[in-house]
$ cat target-v7.txt   # compact mmCIF, C-alpha atoms
# COMPACT_ATOMS: atom_id res chain seq x y z
CA MET A 1 39.68 59.15 21.89
CA LEU A 2 38.99 55.44 22.25
CA ASP A 3 40.51 53.36 19.47
CA SER A 4 42.55 50.22 19.05
CA GLU A 5 46.08 49.92 17.71
CA GLU A 6 48.34 47.01 16.91
CA ASN A 7 50.31 47.43 20.15
CA GLY A 8 47.48 48.29 22.49
CA THR A 9 44.35 50.28 23.09
CA VAL A 10 44.50 54.06 23.08
CA LEU A 11 42.98 55.20 26.36
CA GLY A 12 42.89 58.87 25.50
CA THR A 13 44.97 61.83 24.41
CA SER A 14 46.85 64.15 26.75
CA GLN A 15 48.38 67.29 25.20
CA GLY A 16 48.59 65.63 21.79
CA ILE A 17 50.18 62.38 23.07
CA ASP A 18 48.22 59.12 22.81
CA LEU A 19 48.16 57.17 26.10
CA VAL A 20 48.35 53.51 25.07
CA SER A 21 47.31 50.59 27.24
CA PRO A 22 49.82 47.75 26.83
CA VAL A 23 48.67 44.39 25.52
CA PRO A 24 50.90 41.58 26.79
CA GLU A 25 52.72 39.48 24.25
CA TYR A 26 53.24 36.07 25.74
CA SER A 27 56.97 35.56 25.96
CA ASN A 28 57.32 32.50 28.15
CA ARG A 29 60.37 30.27 27.93
CA GLN A 30 60.99 26.79 29.23
CA ILE A 31 62.56 26.65 32.68
CA LEU A 32 63.39 23.97 35.20
CA ASN A 33 62.58 24.61 38.84
CA VAL A 34 63.79 22.21 41.50
CA GLY A 35 62.65 21.28 44.96
CA LEU A 36 64.50 19.24 47.55
CA GLY A 37 63.35 18.11 50.96
CA LEU A 38 64.69 16.26 53.95
CA GLU A 39 62.83 14.71 56.85
CA ARG A 40 64.81 13.59 59.88
CA ARG A 41 63.34 11.73 62.86
CA LEU A 42 64.71 13.14 66.12
CA THR A 43 62.49 11.09 68.43
CA ASP A 44 59.45 8.86 67.91
CA ASN A 45 57.15 11.89 68.08
CA LEU A 46 59.40 14.72 66.84
CA LYS A 47 60.59 15.20 63.24
CA LEU A 48 62.75 17.88 61.61
CA LEU A 49 61.98 19.12 58.08
CA LEU A 50 64.31 21.06 55.74
CA GLY A 51 63.71 22.13 52.18
CA TYR A 52 64.69 24.24 49.20
CA ARG A 53 62.77 25.18 46.08
CA SER A 54 63.49 27.47 43.18
CA ASP A 55 61.07 29.78 41.41
CA PHE A 56 62.98 30.93 38.34
CA ARG A 57 61.68 33.57 35.96
CA PHE A 58 59.98 32.42 32.79
CA ILE A 59 60.07 35.68 30.79
CA ASP A 60 62.06 35.47 27.55
CA ASP A 61 63.82 38.82 27.25
CA GLN A 62 64.29 38.30 23.48
CA LYS A 63 60.50 38.24 22.90
CA PHE A 64 59.51 40.60 25.69
CA ARG A 65 58.51 44.13 24.64
CA ASP A 66 59.25 46.93 27.09
CA LYS A 67 55.65 48.13 27.03
CA ASP A 68 54.15 44.72 27.83
CA PHE A 69 52.60 44.48 31.27
CA VAL A 70 54.13 41.68 33.29
CA PRO A 71 53.93 41.57 37.10
CA VAL A 72 57.32 42.62 38.45
CA VAL A 73 57.87 39.54 40.60
CA SER A 74 57.63 37.27 37.53
CA ARG A 75 60.88 38.80 36.25
CA TRP A 76 62.90 37.73 39.31
CA ASN A 77 64.66 34.45 40.17
CA LEU A 78 63.41 33.47 43.61
CA HIS A 79 65.02 30.99 46.01
CA HIS A 80 63.07 29.58 48.99
CA PHE A 81 64.63 27.87 52.03
CA THR A 82 62.38 26.25 54.62
CA GLY A 83 62.94 24.64 57.96
CA GLY A 84 60.75 23.39 60.73
CA GLY A 85 59.33 20.32 62.25
CA TYR A 86 56.35 18.66 63.75
CA TRP A 87 55.45 16.95 66.98
CA GLU A 88 52.88 14.20 66.84
CA SER A 89 50.80 12.67 69.61
CA ARG A 90 47.90 10.23 69.52
CA SER A 91 45.28 12.98 69.21
CA PHE A 92 46.98 15.76 67.23
CA ARG A 93 49.96 16.87 65.18
CA LEU A 94 51.58 20.31 65.64
CA ASN A 95 53.62 21.80 62.75
CA LEU A 96 55.90 24.81 63.04
CA GLY A 97 58.11 26.18 60.28
CA LEU A 98 59.95 29.17 58.88
CA GLU A 99 60.61 30.08 55.25
CA TYR A 100 63.08 32.59 53.85
CA ALA A 101 62.86 33.64 50.19
CA PHE A 102 65.13 36.05 48.36
CA ALA A 103 65.90 37.51 44.94
CA ARG A 104 68.61 39.86 43.70
CA GLU A 105 68.32 41.48 40.27
CA ARG A 106 70.33 44.30 38.71
CA ASN A 107 69.80 46.68 35.80
CA MET A 108 66.05 46.19 35.52
CA GLN A 109 63.74 48.61 33.75
CA GLN A 110 62.31 51.40 35.86
CA TYR A 111 58.53 51.79 35.92
CA VAL A 112 58.73 55.45 36.92
CA ASN A 113 61.56 57.99 36.75
CA LEU A 114 61.56 60.43 39.63
CA ASN A 115 64.87 62.05 38.60
CA ASN A 116 63.96 63.15 35.06
CA PRO A 117 60.19 63.47 34.56
CA SER A 118 58.79 64.37 31.15
CA LYS A 119 56.82 67.56 30.59
CA HIS A 120 53.87 65.64 29.10
CA LEU A 121 53.94 62.18 30.72
CA GLY A 122 55.60 63.09 34.01
CA ILE A 123 57.31 60.26 35.86
CA LEU A 124 56.15 57.62 33.33
CA ALA A 125 58.60 58.81 30.66
CA ASN A 126 62.40 58.63 30.33
CA THR A 127 62.74 55.34 32.19
CA THR A 128 66.10 53.58 32.16
CA ASN A 129 67.44 50.10 32.95
CA THR A 130 69.09 51.09 36.21
CA ALA A 131 66.72 49.68 38.83
CA ASN A 132 68.14 47.17 41.31
CA VAL A 133 65.98 44.73 43.27
CA ARG A 134 66.63 43.28 46.69
CA TYR A 135 63.72 41.07 47.72
CA ASP A 136 63.60 39.35 51.12
CA GLN A 137 60.59 37.54 52.55
CA PHE A 138 60.02 35.61 55.76
CA ARG A 139 57.03 33.35 56.42
CA ILE A 140 56.01 31.55 59.57
CA TYR A 141 53.97 28.36 59.32
CA LEU A 142 51.86 27.03 62.15
CA GLY A 143 49.54 24.08 61.77
CA LEU A 144 47.44 21.88 63.98
CA THR A 145 45.92 18.63 62.78
CA LEU A 146 43.34 16.98 65.00
CA LYS A 147 42.97 13.22 64.73
CA PHE A 148 39.38 12.06 65.18
CA VAL A 149 40.05 8.39 64.41
CA GLN A 150 42.83 6.72 66.36
CA PRO A 151 45.09 4.32 64.41
CA SER A 152 43.91 1.34 66.50
CA GLU A 153 40.25 2.20 65.71
CA SER A 154 40.61 2.32 61.91
CA LYS A 155 39.47 -0.68 59.85
CA ASN A 156 41.35 -2.02 56.83
$ encode --input "target-v7.txt" --output "structure tokens"
Amino acid sequence: MLDSEENGTVLGTSQGIDLVSPVPEYSNRQILNVGLGLERRLTDNLKLLLGYRSDFRFIDDQKFRDKDFVPVVSRWNLHHFTGGGYWESRSFRLNLGLEYAFARERNMQQYVNLNNPSKHLGILANTTNTANVRYDQFRIYLGLTLKFVQPSESKN
């Protein structure tokens, strides 16, 4: 059975139950993300860099429908902390950095329910708002910039 409905497209029927594909309703809200950075010269060739940036969620829970598809990470408030530095010589610049990002969310909607599956829809039914998220991410940055024109050779 392929048909369209107001809330989505029916993909088929399984044991008398229509399986509906969700159609996202855009439920974005205004947010303000911030970013701060600090550069500190340690020597003439060596500099230290520190930074913070936010990545707050934009989903408006008042307009959001439970059956809308929204990537999970877009429902989290992320915080990113970075640190590193660079060493510069006449012929190249070497960057090295580390970033740590985290999010903590409680009482989020489950996408599957392994404790109480439905007879017809299995683990996709009977979901609750009891999921907790602990998100931690580390990134390592390494960069090398080669300088082909020396500062004394450039023309103004």
$ residues_around --input "target-v7.txt" --residues "His79 of chain A" --least-positions-apart "4" --cutoff "12 Å" --atoms "all atoms listed in the file" --output "PDB file with C-alpha atoms, in the frame of the given file"
ATOM      1  CA  ASN A  33      62.580  24.610  38.840  1.00  0.00           C
ATOM      2  CA  VAL A  34      63.790  22.210  41.500  1.00  0.00           C
ATOM      3  CA  GLY A  35      62.650  21.280  44.960  1.00  0.00           C
ATOM      4  CA  LEU A  36      64.500  19.240  47.550  1.00  0.00           C
ATOM      5  CA  GLY A  51      63.710  22.130  52.180  1.00  0.00           C
ATOM      6  CA  TYR A  52      64.690  24.240  49.200  1.00  0.00           C
ATOM      7  CA  ARG A  53      62.770  25.180  46.080  1.00  0.00           C
ATOM      8  CA  SER A  54      63.490  27.470  43.180  1.00  0.00           C
ATOM      9  CA  ASP A  55      61.070  29.780  41.410  1.00  0.00           C
ATOM     10  CA  PHE A  56      62.980  30.930  38.340  1.00  0.00           C
ATOM     11  CA  ARG A  57      61.680  33.570  35.960  1.00  0.00           C
ATOM     12  CA  GLU A  99      60.610  30.080  55.250  1.00  0.00           C
ATOM     13  CA  TYR A 100      63.080  32.590  53.850  1.00  0.00           C
ATOM     14  CA  ALA A 101      62.860  33.640  50.190  1.00  0.00           C
ATOM     15  CA  PHE A 102      65.130  36.050  48.360  1.00  0.00           C
ATOM     16  CA  ALA A 103      65.900  37.510  44.940  1.00  0.00           C
ATOM     17  CA  ARG A 104      68.610  39.860  43.700  1.00  0.00           C
ATOM     18  CA  TYR A 135      63.720  41.070  47.720  1.00  0.00           C
ATOM     19  CA  ASP A 136      63.600  39.350  51.120  1.00  0.00           C
ATOM     20  CA  GLN A 137      60.590  37.540  52.550  1.00  0.00           C
ATOM     21  CA  PHE A 138      60.020  35.610  55.760  1.00  0.00           C
TER      22      PHE A 138
END
$ closest_residue --input "target-v7.txt" --among "A:Arg75, A:Ile31, A:His80, A:Gly85" --to "Met108 of chain A" --atoms "only C-alpha atoms"
A:Arg75
$ residues_around --input "target-v7.txt" --residues "Asn28 of chain A" --least-positions-apart "6" --cutoff "6 Å" --atoms "all atoms listed in the file" --output "list in words"
Phe58, Ile59 and Asp60 of chain A
$ write_last_selection --input "target-v7.txt" --atoms "C-alpha atoms" --output "mmCIF file, in the coordinates of the input"
data_model
loop_
_atom_site.group_PDB
_atom_site.id
_atom_site.type_symbol
_atom_site.label_atom_id
_atom_site.label_comp_id
_atom_site.auth_asym_id
_atom_site.auth_seq_id
_atom_site.Cartn_x
_atom_site.Cartn_y
_atom_site.Cartn_z
ATOM 1 C CA PHE A 58 59.980 32.420 32.790
ATOM 2 C CA ILE A 59 60.070 35.680 30.790
ATOM 3 C CA ASP A 60 62.060 35.470 27.550
#
$ atom_distance --input "target-v7.txt" --atom1 "atom CA of Thr82 of chain A" --atom2 "atom CA of Arg41 of chain A"
16.7 Å
$ closest_residue --input "target-v7.txt" --among "A:Leu32, A:Thr43, A:Leu146, A:Thr130" --to "Asn77 of chain A" --atoms "all atoms listed in the file"
A:Leu32
$ atom_distance --input "target-v7.txt" --atom1 "atom CA of Leu144 of chain A" --atom2 "atom CA of Leu42 of chain A"
19.5 Å
$ atom_distance --input "target-v7.txt" --atom1 "atom CA of Trp76 of chain A" --atom2 "atom CA of Gly143 of chain A"
29.5 Å
$ residues_around --input "target-v7.txt" --residues "Lys147 of chain A" --least-positions-apart "5" --cutoff "8 Å" --atoms "all atoms listed in the file" --output "list in words"
Arg90, Ser91, Phe92 and Arg93 of chain A
